[in-house]
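Worksheet for the structure shown next.
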Amino acid sequence: MESSVLNALRKWILALVIALAFFYGMDQILMSAQGLPLDWSLSPKN
Amino acid sequence: MSSQCKNEFCGSAMSACRRLLPLLVILLIALYAVGHSPPIAADSHGMEPGTAMMGGDEAASEAELEPAPRLNRGDYPDIGTSSRGIVWVFAQMHLFFGALVLAVPIFVLVIEFIGFYTRDDRYDDMAHEFMKVSLTAYAITALFGGTLALSLFLLYPDFMSYMMRAFGSQVLIYALLFFLESMLLYIYYYGWDALRYGNRKWLHLTLGLLLNGVGTTLLVVANSWSTFMMAPSGIDPATGAITGNLWEIMKGPLWNPLNLHRFLANIAFGGAVVGAYAAFKFLAAKTAAEKAHYDWMGYTSNFVAILAFLPLPFAGYWLMAEVYAYSQQMGILAMGGILAWLFVIQAVLICTILLAANYYLWNGMARTEGGERYRWLVKYIALVLILGFLVWVTPHNVIYTGSELARLGGGHHAVLGPLGIMPAKNIAVFLMLVMTFLSFQLYRRADREITVAWKDWGNALMIAIYVVACANIVFAGVYYGYFTNTVYKVGSSVLQVMSTVVVIVSGVVIDTLMFKGAKKLPVYWGKVSNRSQYALFALPIAFTWLMALMGYIRSSVRTHWHVYAVMKDNSPDNFIPELATVGNMVTGITLLFLIFVLFIFWIANLSGTRQVPPATEGQAATAGGAQ
């Protein structure tokens, strides 16, 4: 695979990982703030 | 002074008198109201009229502890027709015009400032023209306000005396603010050219700021009357006696949610109405320059309307959450009882607004060659919007016959049933908002070629945010909405709200940073299809209808109470009318407003029309004959 394609792929994957991590953290924080804690798999804790 | 000057002076004076007349009427009503209310409280205690105001703390306190009146049918004047119907029409018309005249100066001030900052006279001229539309509507606002006040005092005298007892001198302050608003408005508009450059412009901008300060104060003061009726505060809940001071009465639990909701909705509504004016002028334009000017004006109006409209669902969410928190019964009536049916119509209207706004943006991409790059995305955005629309309008249940129920195998359709409840609606609404922002973002990017070194990173991050945010909206709606308990279902809507907000905020931030040093592509204003202008007409029609409908729902949740749970409505109209009646009333009022809007456009257009002097006409005819 050409290096430019690999570079682009690396950028997309990293951007996706950053976005996923951000929204995952946001979901955890917002639900906890409402007294609705979630476990690591985003399912209700209780 | 020449006779001509005298005539001009008399004309101006007459014109000023005509404009001030409605304001005088309102002030007189307010004076009457303030002067009228205390004796009612005093009389019932067997005191001389006025002693409640003058007889010291004890008398005042006794008057204040007067319970809310308990009315019977005979306490309401019978004029042979529905009093509620009359008040409904005047209140709604006043609110429409009030929204327009309070909202337009807000974005006019921003546009004027942009013009001043960028030293571009086109902004200044456009802002001035927007004000012309608003100014024509101002006198009509005051006239409807005065008529509404007179109708209320005539048809609901005891209710109004209770309201006057609660708000007292505040109504007089309201009237004085109205005077101040009028003066500032006229100075702001007529002083535009006299205060156009240099330090004088700062003075003009300050006047605009003061005008908006007074206008917004008027809005929040009037809102306190509505929210007091829905969720009264500063009173004894058992008797309705006034126990708190004016501030305690004003700051009820629904006041700020309504303030925010109306503030945003007014701007969206005002933007939509002046957008229709621009479309009207665009279609009537004879020259390319005129077309370019009104195309730009229409684009700016649409920009304002959509910018204010995007956060509106969040403000509405806050308002309804506070309604539920104040009274679950009230909330359930609005969203789960008879009034819930009207939310299906609301869905149709909001989808109309979103489709029209998106359609206008897609058409607008034709103004620049750069728009071609994004055209392939339009069909996918349209698909999401249409699917969202279909989900949103799917009702949860319909009244079936026995045989229909048997064929269906239950009260709900197996496939469509799950689409009728809130989780599905929330997914639809938030995806539609995200897609509308995408159209808006593509439109903004259409006339630019981004040159920053990190543009690939920026684009990758932006697309990743869109993808993950949409996935999060769907995940939160489906998983928490259908597979967990109700508390999690309700709580997960916050995730959907925030996912949408993250897309909007990150889109604005990333684009602002990426546009630095971007190559600007030429924009051909006026090179837009006539069809797009009809989308600008659709916007105010749908907005007006929506405001009339939702205003009715907000007011109707009080059911048979003038002031919720405190002062009963025992008039012949103390019931929620059938939906057909509501539909007819709301539609009739919308049509009436649109007729007035056409009148305003015509007047605004007339003021710029100059008749050719008779001599020139004669010369032209002669020249024509000679040829």
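Simple scheme: letters A, B, ... for chains in structure tokens order, numbers from 1 for residues in each chain, numbers from 1 for ligands in the order shown.
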Name all residues at most 9 Å from range 40-45 of chain A (count only C-alpha atoms; drop same-chain ones fewer than 5 positions away) and give them as a list in words. Tyr24, Asp27 and Gln28 of chain A; Tyr479, Tyr480, Thr484 and Tyr488 of chain B
Please produce, as CSV, a per-residue contact table for chain B versus chain A (criterion: any atom at most 12 Å away, only C-alpha atoms considered), showing the nearest atom pair and its distance in Å to one decimal, sorted by chain then residue number.
```
residue,atom,partner,partner_atom,distance
B:Trp454,CA,A:Lys11,CA,10.9
B:Lys455,CA,A:Lys11,CA,11.3
B:Asp456,CA,A:Lys11,CA,7.9
B:Trp457,CA,A:Lys11,CA,6.5
B:Gly458,CA,A:Ala15,CA,9.0
B:Asn459,CA,A:Trp12,CA,9.2
B:Ala460,CA,A:Trp12,CA,5.5
B:Leu461,CA,A:Ala15,CA,4.9
B:Met462,CA,A:Ala15,CA,8.4
B:Ile463,CA,A:Leu16,CA,8.5
B:Ala464,CA,A:Leu16,CA,5.0
B:Ile465,CA,A:Ala19,CA,5.6
B:Tyr466,CA,A:Ala19,CA,9.0
B:Val467,CA,A:Leu16,CA,8.4
B:Val468,CA,A:Leu20,CA,6.3
B:Ala469,CA,A:Phe23,CA,7.4
B:Cys470,CA,A:Phe23,CA,10.7
B:Ala471,CA,A:Leu20,CA,9.9
B:Asn472,CA,A:Phe23,CA,7.5
B:Ile473,CA,A:Phe23,CA,10.4
B:Phe475,CA,A:Leu42,CA,10.2
B:Ala476,CA,A:Asp27,CA,9.1
B:Tyr479,CA,A:Ser43,CA,8.7
B:Tyr480,CA,A:Ser43,CA,8.4
B:Phe483,CA,A:Ser43,CA,9.8
B:Thr484,CA,A:Pro44,CA,7.7
B:Asn485,CA,A:Pro44,CA,9.2
B:Thr486,CA,A:Leu36,CA,11.3
B:Val487,CA,A:Leu36,CA,8.0
B:Tyr488,CA,A:Leu36,CA,6.8
B:Lys489,CA,A:Leu36,CA,10.4
B:Val490,CA,A:Gln34,CA,10.3
B:Gly491,CA,A:Met31,CA,6.7
B:Ser492,CA,A:Met31,CA,7.2
B:Ser493,CA,A:Met31,CA,10.0
B:Val494,CA,A:Leu30,CA,7.4
B:Leu495,CA,A:Asp27,CA,6.1
B:Gln496,CA,A:Asp27,CA,9.5
B:Val497,CA,A:Leu30,CA,10.8
B:Met498,CA,A:Met26,CA,8.5
B:Ser499,CA,A:Phe23,CA,7.7
B:Thr500,CA,A:Phe23,CA,11.3
B:Val501,CA,A:Phe23,CA,11.9
B:Val502,CA,A:Phe23,CA,9.3
B:Val503,CA,A:Ala19,CA,10.8
B:Ser506,CA,A:Ala19,CA,11.2
```
Just asking: which residues within chain A are helix (DSSP H, G or I) according to DSSP, as an mmCIF file with C-alpha atoms, in the first residue's frame?
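File selection.cif, as written:
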```
data_model
loop_
_atom_site.group_PDB
_atom_site.id
_atom_site.type_symbol
_atom_site.label_atom_id
_atom_site.label_comp_id
_atom_site.auth_asym_id
_atom_site.auth_seq_id
_atom_site.Cartn_x
_atom_site.Cartn_y
_atom_site.Cartn_z
ATOM 1 C CA SER A 3 2.512 5.589 2.042
ATOM 2 C CA SER A 4 0.076 8.453 1.249
ATOM 3 C CA VAL A 5 -2.890 6.071 1.525
ATOM 4 C CA LEU A 6 -1.517 4.645 4.770
ATOM 5 C CA ASN A 7 -1.047 8.173 6.074
ATOM 6 C CA ALA A 8 -4.621 9.089 5.257
ATOM 7 C CA LEU A 9 -5.879 5.874 6.841
ATOM 8 C CA ARG A 10 -3.886 6.572 9.983
ATOM 9 C CA LYS A 11 -5.447 10.046 10.208
ATOM 10 C CA TRP A 12 -8.996 8.720 9.804
ATOM 11 C CA ILE A 13 -8.509 5.978 12.385
ATOM 12 C CA LEU A 14 -6.944 8.338 14.905
ATOM 13 C CA ALA A 15 -9.721 10.925 14.377
ATOM 14 C CA LEU A 16 -12.340 8.215 14.848
ATOM 15 C CA VAL A 17 -10.665 6.955 18.029
ATOM 16 C CA ILE A 18 -10.532 10.505 19.438
ATOM 17 C CA ALA A 19 -14.230 11.068 18.623
ATOM 18 C CA LEU A 20 -15.242 7.696 20.086
ATOM 19 C CA ALA A 21 -13.275 8.336 23.284
ATOM 20 C CA PHE A 22 -14.803 11.805 23.610
ATOM 21 C CA PHE A 23 -18.409 10.654 23.161
ATOM 22 C CA TYR A 24 -17.870 7.610 25.407
ATOM 23 C CA GLY A 25 -16.586 9.859 28.197
ATOM 24 C CA MET A 26 -19.379 12.351 27.589
ATOM 25 C CA ASP A 27 -22.050 9.638 27.886
ATOM 26 C CA GLN A 28 -20.538 8.365 31.144
ATOM 27 C CA ILE A 29 -20.284 11.845 32.680
ATOM 28 C CA LEU A 30 -23.737 13.064 31.587
ATOM 29 C CA MET A 31 -25.558 9.961 32.809
ATOM 30 C CA SER A 32 -23.662 9.900 36.117
ATOM 31 C CA ALA A 33 -24.456 13.595 36.632
#
```
Between CA of Phe178 in chain B and CA of Asp158 in chain B, what is the spacing in Å?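 Going from CA of Asp158 in chain B over to CA of Phe178 in chain B, I get 25.1 Å.
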Using only C-alpha atoms, which residues sit within 10 Å of Ile576 in chain B once same-chain residues fewer than 4 positions away are excluded, as JSON, numbers by chain? {"B": [338, 339, 553, 556, 557, 558, 559, 560, 581, 582]}
Residues within 10 Å of range 376-382 of chain B, only C-alpha atoms, excluding chain neighbours under 6 positions, as a ChimeraX atom specification: /B:355,358-359,362,388,431-432,434-436,438-439,442
Residue neighbourhood Tyr76 in chain B, 12 Å, only C-alpha atoms, exclusion window fewer than 3 positions, as a PyMOL selection string: chain B and resi 70-73+79-80+82-84+152-160+569-574
Could the residues in this selection be written to a file with C-alpha atoms, as an mmCIF file, in the first residue's frame?
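Dumped to result_36.cif:
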```cif
data_model
loop_
_atom_site.group_PDB
_atom_site.id
_atom_site.type_symbol
_atom_site.label_atom_id
_atom_site.label_comp_id
_atom_site.auth_asym_id
_atom_site.auth_seq_id
_atom_site.Cartn_x
_atom_site.Cartn_y
_atom_site.Cartn_z
ATOM 1 C CA ARG B 70 -64.227 32.553 43.200
ATOM 2 C CA LEU B 71 -66.301 33.300 40.173
ATOM 3 C CA ASN B 72 -69.545 31.911 38.863
ATOM 4 C CA ARG B 73 -71.077 32.095 35.413
ATOM 5 C CA ILE B 79 -71.671 39.530 24.606
ATOM 6 C CA GLY B 80 -73.325 36.790 22.596
ATOM 7 C CA SER B 82 -67.195 33.309 22.668
ATOM 8 C CA SER B 83 -65.107 35.634 24.829
ATOM 9 C CA ARG B 84 -62.235 33.176 24.652
ATOM 10 C CA LEU B 152 -59.565 41.352 28.628
ATOM 11 C CA PHE B 153 -60.866 44.127 30.882
ATOM 12 C CA LEU B 154 -64.274 43.970 29.214
ATOM 13 C CA LEU B 155 -64.689 40.183 29.067
ATOM 14 C CA TYR B 156 -62.740 38.985 32.112
ATOM 15 C CA PRO B 157 -62.964 41.898 34.588
ATOM 16 C CA ASP B 158 -62.518 39.875 37.812
ATOM 17 C CA PHE B 159 -59.629 37.880 36.460
ATOM 18 C CA MET B 160 -57.940 41.083 35.317
ATOM 19 C CA ASP B 569 -62.309 29.640 35.188
ATOM 20 C CA ASN B 570 -66.091 29.341 35.414
ATOM 21 C CA SER B 571 -66.824 31.054 32.126
ATOM 22 C CA PRO B 572 -68.792 29.220 29.399
ATOM 23 C CA ASP B 573 -65.439 28.511 27.702
ATOM 24 C CA ASN B 574 -63.780 26.641 30.580
#
```
Could you jot down the CA of Leu102 in chain B to CA of Lys201 in chain B separation for me, Å, one decimal place? 21.5 Å
Quick one: everything within 9 Å of Ala292 in chain B, counting only C-alpha atoms, minus sequence neighbours fewer than 5 positions away in the same chain. Send it as a list in words.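 So, after excluding close chain neighbours, the residues are Phe282, Thr287, Met297, Tyr524, Trp525, Gly526 and Lys527 of chain B.
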Just the selected residues (C-alpha atoms), exported as a compact mmCIF listing (two decimals), in the first residue's frame, please.
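What landed in part.txt:
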```txt
# COMPACT_ATOMS: atom_id res chain seq x y z
CA PHE B 282 -36.21 39.41 -5.33
CA THR B 287 -32.34 44.69 -12.50
CA MET B 297 -30.84 39.89 2.06
CA TYR B 524 -22.60 35.38 -7.80
CA TRP B 525 -25.40 36.96 -5.79
CA GLY B 526 -28.68 36.90 -7.66
CA LYS B 527 -27.70 33.70 -9.48
```
Straight-line distance linking CA of Met230 in chain B with CA of Asp78 in chain B, stated in Å to one decimal: 25.3 Å
Do a neighbour search on range 329-331 of chain B at 7 Å with only C-alpha atoms, toss out local chain neighbours closer than 3 positions, and write the hits as number ranges by chain. B: 320, 323-324, 334-335, 557
Keeping only C-alpha atoms, write the selected residues to a file as an mmCIF file, in the first residue's frame.
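Now in result-v1.cif:
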```cif
data_model
loop_
_atom_site.group_PDB
_atom_site.id
_atom_site.type_symbol
_atom_site.label_atom_id
_atom_site.label_comp_id
_atom_site.auth_asym_id
_atom_site.auth_seq_id
_atom_site.Cartn_x
_atom_site.Cartn_y
_atom_site.Cartn_z
ATOM 1 C CA MET B 320 -41.322 21.198 29.059
ATOM 2 C CA VAL B 323 -43.584 22.112 33.222
ATOM 3 C CA TYR B 324 -43.320 18.424 34.196
ATOM 4 C CA ALA B 334 -49.582 18.399 27.004
ATOM 5 C CA MET B 335 -47.611 15.452 25.711
ATOM 6 C CA VAL B 557 -52.519 23.116 29.732
#
```
